[in-house]
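J.: Supplied structure: final_27.cif, mmCIF, C-alpha atoms.
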```cif
data_model
loop_
_atom_site.label_atom_id
_atom_site.label_comp_id
_atom_site.auth_asym_id
_atom_site.auth_seq_id
_atom_site.Cartn_x
_atom_site.Cartn_y
_atom_site.Cartn_z
CA MET H 224 25.24 36.05 3.53
CA ARG H 225 26.23 32.84 5.31
CA TYR H 226 27.60 30.18 3.00
CA ILE H 227 27.15 26.47 3.64
CA THR H 228 28.89 23.18 3.01
CA ALA H 229 26.49 20.79 1.31
CA ALA H 230 26.34 17.09 0.55
CA ILE H 231 24.23 16.93 -2.60
CA GLY H 232 22.42 13.90 -3.98
CA ASN H 233 19.24 11.90 -4.15
CA PHE H 234 20.15 9.87 -1.05
CA ASP H 235 17.48 7.23 -1.63
CA GLY H 236 18.07 4.45 0.83
CA ILE H 237 21.03 5.87 2.74
CA HIS H 238 23.83 3.35 2.09
CA ILE H 239 27.49 3.16 3.04
CA GLY H 240 28.49 5.10 -0.09
CA HIS H 241 26.18 7.95 0.92
CA ASP H 242 27.67 7.72 4.39
CA GLN H 243 31.10 8.68 3.07
CA ILE H 244 29.65 11.69 1.21
CA ILE H 245 27.85 12.94 4.32
CA ARG H 246 30.82 12.42 6.63
CA LYS H 247 33.12 14.33 4.26
CA CYS H 248 30.57 17.17 4.20
CA ILE H 249 30.63 17.28 8.00
CA GLU H 250 34.43 17.25 8.05
CA ILE H 251 34.75 20.12 5.53
CA GLY H 252 31.97 22.13 7.17
CA ASN H 253 33.63 21.88 10.56
CA GLN H 254 37.02 22.87 9.13
CA SER H 255 35.46 25.84 7.27
CA ASN H 256 33.24 26.91 10.18
CA GLN H 257 30.21 26.63 7.90
CA GLU H 258 26.80 25.08 8.44
CA LYS H 259 26.62 21.51 7.16
CA LYS H 260 23.53 20.71 5.15
CA ILE H 261 22.14 17.85 3.09
CA VAL H 262 20.61 18.93 -0.22
CA THR H 263 18.33 16.38 -1.84
CA PHE H 264 15.85 16.82 -4.65
CA GLU H 265 12.15 16.22 -5.20
CA TYR H 266 10.71 16.02 -8.70
CA GLU H 267 7.60 18.12 -9.26
CA PHE H 268 7.67 17.72 -13.04
CA ASP H 269 7.14 14.16 -14.28
CA LYS H 270 9.14 14.77 -17.45
CA PHE H 271 12.13 16.27 -15.69
CA THR H 272 14.18 13.13 -16.11
CA ASN H 273 13.71 9.53 -17.11
CA ILE H 274 15.50 8.58 -13.90
CA ALA H 275 12.67 9.99 -11.80
CA LYS H 276 10.20 7.73 -13.58
CA LYS H 277 12.39 4.67 -14.10
CA TYR H 278 13.42 3.99 -10.52
CA ARG H 279 11.03 3.30 -7.69
CA LYS H 280 11.90 4.89 -4.37
CA ILE H 281 13.30 3.05 -1.38
CA TYR H 282 12.39 5.77 1.11
CA GLY H 283 10.06 8.74 1.05
CA LYS H 284 10.64 12.08 2.74
CA HIS H 285 10.03 10.88 6.30
CA GLY H 286 12.27 7.88 5.77
CA LYS H 287 15.11 10.05 4.53
CA ILE H 288 14.76 12.54 7.35
CA ALA H 289 14.74 9.82 10.02
CA THR H 290 18.07 8.46 8.77
CA LEU H 291 19.79 11.74 7.91
CA LYS H 292 19.02 13.21 11.34
CA ASN H 293 21.40 10.66 12.83
CA TYR H 294 24.26 12.76 11.45
CA ASP H 295 25.77 15.93 12.92
CA ILE H 296 24.22 18.19 10.28
CA ASP H 297 22.46 21.52 10.62
CA ASP H 298 19.63 21.07 8.14
CA ILE H 299 18.13 18.95 5.37
CA ILE H 300 17.04 20.88 2.28
CA PHE H 301 14.46 19.24 0.04
CA TYR H 302 14.75 21.29 -3.14
CA SER H 303 11.85 20.96 -5.57
CA LEU H 304 12.76 20.56 -9.23
CA ASP H 305 10.09 21.79 -11.63
CA SER H 306 9.49 22.35 -15.34
CA GLU H 307 11.68 25.48 -15.35
CA THR H 308 14.57 23.62 -13.77
CA ALA H 309 14.15 20.88 -16.36
CA VAL H 310 15.49 23.08 -19.16
CA MET H 311 18.34 24.71 -17.22
CA SER H 312 21.80 24.21 -18.65
CA PRO H 313 24.25 22.63 -16.20
CA GLU H 314 26.11 25.94 -15.74
CA ARG H 315 22.90 27.83 -15.10
CA PHE H 316 21.92 25.16 -12.57
CA ILE H 317 25.20 25.76 -10.76
CA SER H 318 24.96 29.55 -10.77
CA GLU H 319 21.24 30.01 -10.08
CA ILE H 320 20.41 27.00 -7.89
CA LEU H 321 23.55 25.88 -6.11
CA ILE H 322 25.21 29.28 -5.67
CA ASP H 323 22.55 32.02 -5.76
CA LYS H 324 19.61 30.20 -4.13
CA LEU H 325 21.28 27.66 -1.86
CA CYS H 326 24.43 29.71 -1.06
CA ILE H 327 26.74 26.70 -1.24
CA LYS H 328 30.46 27.36 -0.79
CA ASN H 329 31.70 23.77 -0.53
CA ILE H 330 30.08 20.93 -2.47
CA VAL H 331 30.44 17.22 -1.71
CA VAL H 332 28.99 14.74 -4.21
CA GLY H 333 29.33 11.15 -5.31
CA PHE H 334 31.29 10.15 -8.40
CA ASN H 335 28.11 9.67 -10.46
CA PHE H 336 26.38 12.96 -9.62
CA ARG H 337 24.50 14.42 -12.62
CA PHE H 338 22.60 17.68 -13.00
CA GLY H 339 21.15 20.20 -15.45
CA HIS H 340 19.16 19.74 -18.67
CA LYS H 341 19.01 16.06 -19.65
CA ALA H 342 21.53 15.39 -16.83
CA LYS H 343 24.35 16.68 -19.05
CA GLY H 344 26.29 18.08 -16.09
CA ASP H 345 28.69 15.79 -14.23
CA THR H 346 31.44 15.98 -11.63
CA HIS H 347 34.04 17.05 -14.21
CA LEU H 348 31.95 20.09 -15.16
CA LEU H 349 31.29 20.83 -11.50
CA GLN H 350 35.05 20.92 -10.89
CA GLU H 351 35.71 22.92 -14.06
CA MET H 352 33.23 25.63 -13.03
CA ALA H 353 34.52 25.88 -9.45
CA PRO H 354 37.07 28.70 -10.01
CA LYS H 355 34.54 30.78 -11.97
CA TYR H 356 31.88 30.65 -9.25
CA GLY H 357 34.16 30.44 -6.24
CA TYR H 358 33.20 27.15 -4.61
CA GLY H 359 35.10 24.05 -3.57
CA VAL H 360 34.29 20.53 -4.76
CA GLU H 361 34.96 17.16 -3.19
CA VAL H 362 34.04 14.09 -5.23
CA ILE H 363 33.71 10.79 -3.35
CA ASN H 364 34.80 7.76 -5.33
CA ALA H 365 32.67 4.66 -5.73
CA VAL H 366 32.47 2.42 -2.68
CA LYS H 367 32.73 -1.25 -3.58
CA GLN H 368 31.91 -4.49 -1.85
CA GLU H 369 33.16 -7.76 -3.33
CA GLY H 370 34.03 -5.91 -6.52
CA PHE H 371 30.58 -4.34 -7.01
CA VAL H 372 29.84 -0.63 -6.77
CA ILE H 373 27.35 -0.01 -3.97
CA SER H 374 24.37 1.96 -5.24
CA SER H 375 20.72 2.61 -4.55
CA SER H 376 19.95 0.59 -7.70
CA MET H 377 21.72 -2.44 -6.24
CA ILE H 378 19.76 -2.10 -3.00
CA ARG H 379 16.47 -1.77 -4.89
CA ASP H 380 17.22 -5.04 -6.65
CA LEU H 381 18.07 -6.78 -3.37
CA ILE H 382 14.87 -5.56 -1.70
CA ALA H 383 12.70 -6.53 -4.67
CA ASP H 384 14.27 -10.00 -4.59
CA GLY H 385 13.57 -10.38 -0.88
CA ARG H 386 17.28 -10.40 -0.01
CA ILE H 387 16.80 -8.25 3.06
CA ILE H 388 19.89 -9.39 4.96
CA GLU H 389 22.13 -8.40 2.03
CA ALA H 390 20.34 -5.06 1.62
CA ASN H 391 20.68 -4.29 5.33
CA ARG H 392 24.45 -4.86 5.13
CA LEU H 393 24.68 -2.00 2.62
CA LEU H 394 22.24 0.39 4.29
CA THR H 395 23.22 2.52 7.27
CA GLU H 396 19.96 1.48 8.95
CA THR H 397 17.66 -1.52 8.64
CA TYR H 398 15.40 -1.40 5.57
CA ARG H 399 11.95 -0.24 6.60
CA ILE H 400 8.58 0.84 5.32
CA ASP H 401 7.70 4.15 6.98
CA LEU H 402 3.94 4.33 6.53
CA ARG H 403 3.96 8.12 6.89
CA ASP H 404 5.33 8.17 3.34
CA HIS H 405 2.72 5.82 1.90
CA ARG H 406 -0.94 5.80 1.00
CA TYR H 407 -2.51 2.84 2.77
CA ARG H 408 -5.81 1.38 3.88
CA ILE H 409 -6.42 -0.47 7.15
CA VAL H 410 -8.44 -3.57 6.32
CA SER H 411 -8.36 -5.01 9.83
CA GLU H 412 -6.06 -4.98 12.83
CA ASN H 413 -4.12 -7.78 11.12
CA GLU H 414 -4.12 -6.52 7.53
CA LEU H 415 -2.92 -3.39 5.71
CA LEU H 416 -3.04 -2.52 2.03
CA ILE H 417 -0.36 -0.17 0.71
CA LEU H 418 -1.75 1.71 -2.28
CA ASP H 419 1.41 3.29 -3.72
CA ASN H 420 3.18 1.99 -6.80
CA ASP H 421 6.20 4.32 -6.92
CA PHE H 422 8.15 2.51 -4.17
CA VAL H 423 10.16 -0.69 -4.35
CA TYR H 424 8.83 -3.44 -2.07
CA PRO H 425 10.01 -6.94 -1.11
CA LYS H 426 8.63 -9.78 -3.18
CA ASP H 427 5.82 -12.01 -1.94
CA GLY H 428 6.65 -14.16 1.04
CA ALA H 429 7.07 -14.32 4.80
CA TYR H 430 9.40 -11.87 6.57
CA LEU H 431 10.66 -11.36 10.08
CA VAL H 432 10.04 -7.71 10.97
CA PHE H 433 10.31 -5.40 13.95
CA ASP H 434 7.43 -3.11 14.81
CA ASN H 435 5.84 -1.77 17.97
CA GLN H 436 8.84 -2.88 20.09
CA LYS H 437 8.77 -6.55 19.10
CA GLU H 438 9.71 -9.00 16.37
CA PHE H 439 7.07 -10.99 14.51
CA GLU H 440 6.26 -12.55 11.14
CA ILE H 441 4.52 -10.70 8.35
CA ILE H 442 3.21 -12.02 5.03
CA ILE H 443 3.57 -9.87 1.92
CA SER H 444 1.54 -10.51 -1.22
CA LYS H 445 -0.07 -8.64 -4.09
CA LYS H 446 -3.81 -8.07 -3.91
CA ASP H 447 -5.76 -6.24 -6.61
CA GLY H 448 -2.57 -4.49 -7.68
CA PHE H 449 -1.74 -3.33 -4.16
CA LEU H 450 0.72 -4.56 -1.54
CA GLN H 451 -0.99 -6.63 1.15
CA LEU H 452 0.59 -6.97 4.60
CA GLU H 453 -0.86 -9.62 6.90
CA SER H 454 0.15 -10.91 10.30
CA ASP H 455 -1.17 -12.76 13.33
CA GLU H 456 0.01 -9.70 15.29
CA ILE H 457 -1.73 -6.32 15.31
CA LEU H 458 -0.37 -4.11 12.54
CA THR H 459 -0.11 -0.43 13.40
CA PRO H 460 0.41 2.39 10.85
CA ASP H 461 4.00 2.87 11.91
CA ILE H 462 7.54 2.05 10.82
CA ILE H 463 7.99 -1.60 9.89
CA GLN H 464 11.65 -2.67 9.96
CA PHE H 465 12.59 -5.73 7.92
CA ILE H 466 15.08 -8.18 9.39
CA LYS H 467 15.06 -11.09 6.92
CA LYS H 468 12.98 -13.24 4.60
CA ILE H 469 11.84 -16.41 6.31
#
```
Hey, can you dump this file as structure tokens for me?
T.:
Amino acid sequence: MRYITAAIGNFDGIHIGHDQIIRKCIEIGNQSNQEKKIVTFEYEFDKFTNIAKKYRKIYGKHGKIATLKNYDIDDIIFYSLDSETAVMSPERFISEILIDKLCIKNIVVGFNFRFGHKAKGDTHLLQEMAPKYGYGVEVINAVKQEGFVISSSMIRDLIADGRIIEANRLLTETYRIDLRDHRYRIVSENELLILDNDFVYPKDGAYLVFDNQKEFEIIISKKDGFLQLESDEILTPDIIQFIKKI
């Protein structure tokens, strides 16, 4: 059996706090001569946690992969959480998921990492159980900017408010909409409708974006409950990077 060092978390919108978690994982993995892997979760069961329903996503799977592949890691594990996982006690989650299934020997998490039934497990329990199950734990403290803890929730709020410049300062890469992660309809070469409602999007207005190797202006608005993207330029089903609100 080959054990791994894992950075564990949701990693939605990879920000500078996540960056510290991932870099510590790489450091420990290299020192331990273990594979370095990112473990992030997907919710298959809509009642697994209120968090999964309360917060809209910044990035989907393709968006996460595109950013995480910039790091010197060996693999990205998307672990599906289902109805059985929903009722696991925190200790059972550690023993059956983290240790037995994922073969993790060194764990790196953020200060606010939660797990197990009703998210009752926290970093203190993770550290308490470490001697029993034979793993190491590294907890990364909160990263602050101007006195505020940097979080995915903060970035969601900035994006929703159209404060793209501020959001981009906290993200490791420019905020983008990766259309591979979205349901959309092409209305014309100058108009797209995004049909998802489980992602956070910038508020209505004009934005400077980068797509298809050039910068141009795009107009965002709501249309029949969907997100409408319009531009004088040709819109391609691609990755649209947001620079700022105009």
J.: Tell me, counting only C-alpha atoms, for each residue of stretch 232-349 of chain H within 7 Å of stretch 373-392 of chain H, which pair of atoms is nearest and how far apart they are in Å to one decimal, in rows ordered by chain and increasing number, as JSON lines.
T.:
```
{"residue": "H:Asp235", "atom": "CA", "partner": "H:Ser375", "partner_atom": "CA", "distance": 6.4}
{"residue": "H:Gly236", "atom": "CA", "partner": "H:Ser375", "partner_atom": "CA", "distance": 6.3}
{"residue": "H:Gly240", "atom": "CA", "partner": "H:Ile373", "partner_atom": "CA", "distance": 6.5}
{"residue": "H:Ile281", "atom": "CA", "partner": "H:Arg379", "partner_atom": "CA", "distance": 6.8}
```
J.: Produce a file of the selected residues containing C-alpha atoms, as an mmCIF file, in the coordinates of the input.
T.:
```cif
data_model
loop_
_atom_site.group_PDB
_atom_site.id
_atom_site.type_symbol
_atom_site.label_atom_id
_atom_site.label_comp_id
_atom_site.auth_asym_id
_atom_site.auth_seq_id
_atom_site.Cartn_x
_atom_site.Cartn_y
_atom_site.Cartn_z
ATOM 1 C CA ASP H 235 17.480 7.230 -1.630
ATOM 2 C CA GLY H 236 18.070 4.450 0.830
ATOM 3 C CA GLY H 240 28.490 5.100 -0.090
ATOM 4 C CA ILE H 281 13.300 3.050 -1.380
#
```
J.: Got a sec: who's within 10 Å of stretch 315-332 of chain H, counting all atoms listed in the file, leaving out chain neighbours fewer than 2 positions off, as a PyMOL selection string?
T.: chain H and resi 224-232+241+243-249+251-252+255+257-262+300+302+308-313+334-340+344+346+348-350+352-353+355-364
J.: With all atoms listed in the file as the atoms that count, which of H:Asp242, H:Glu396, H:Asp461, H:Asp345 lies nearest to H:Tyr294?
T.: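 Closest to H:Tyr294, using all atoms listed in the file: H:Asp242.
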J.: Take the point (19.5, 9.6, 9.7) as written in the file and pick out every residue within 12 Å of it, counting all atoms listed in the file; give the list as JSON, numbers by chain.
T.: {"H": [234, 235, 236, 237, 238, 241, 242, 245, 261, 282, 284, 285, 286, 287, 288, 289, 290, 291, 292, 293, 294, 295, 296, 298, 299, 394, 395, 396, 397]}
J.: List the residues selected by the PyMOL selection byres ((chain H and resi 430) around 9) in the file shown, writing them as a compact mmCIF listing (two decimals) with C-alpha atoms, in the coordinates of the input.
T.:
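After the write, result-v6.txt holds the following:
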```
# COMPACT_ATOMS: atom_id res chain seq x y z
CA GLY H 385 13.57 -10.38 -0.88
CA ILE H 387 16.80 -8.25 3.06
CA GLY H 428 6.65 -14.16 1.04
CA ALA H 429 7.07 -14.32 4.80
CA LEU H 431 10.66 -11.36 10.08
CA VAL H 432 10.04 -7.71 10.97
CA PHE H 439 7.07 -10.99 14.51
CA GLU H 440 6.26 -12.55 11.14
CA ILE H 441 4.52 -10.70 8.35
CA ILE H 442 3.21 -12.02 5.03
CA ILE H 443 3.57 -9.87 1.92
CA PHE H 465 12.59 -5.73 7.92
CA ILE H 466 15.08 -8.18 9.39
CA LYS H 467 15.06 -11.09 6.92
CA LYS H 468 12.98 -13.24 4.60
CA ILE H 469 11.84 -16.41 6.31
```
J.: Find the distance between atom CA of H:Asp455 and atom CA of H:Asp434 and write it in Å to one decimal.
T.: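 Interatomic distance, atom CA of H:Asp455 to atom CA of H:Asp434: 13.0 Å.
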J.: Name the residues that the PyMOL selection byres ((chain H and resi 406) around 10) pulls out of this structure, and write them as a PyMOL selection string.
T.: chain H and resi 402-405+407-408+416-420
J.: Out of H:Val423, H:Lys343, H:Tyr266, H:Asp447, which residue has the shortest atom-to-atom distance to H:Ser306 when counting only C-alpha atoms?
T.: H:Tyr266
J.: Would you list the contacts of H:Asn435 as a list in words, taking every protein, DNA or RNA residue within 9 Å and counting only C-alpha atoms, but skipping same-chain residues closer than 5 positions in sequence?
T.: Leu458, Thr459, Asp461, Ile462 and Ile463 of chain H
J.: Find the residue from H:Leu452, H:Lys437, H:Thr263, H:His347 that sits nearest to H:Ser303; use only C-alpha atoms when measuring.
T.: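 For H:Ser303, the nearest of the candidates is H:Thr263.
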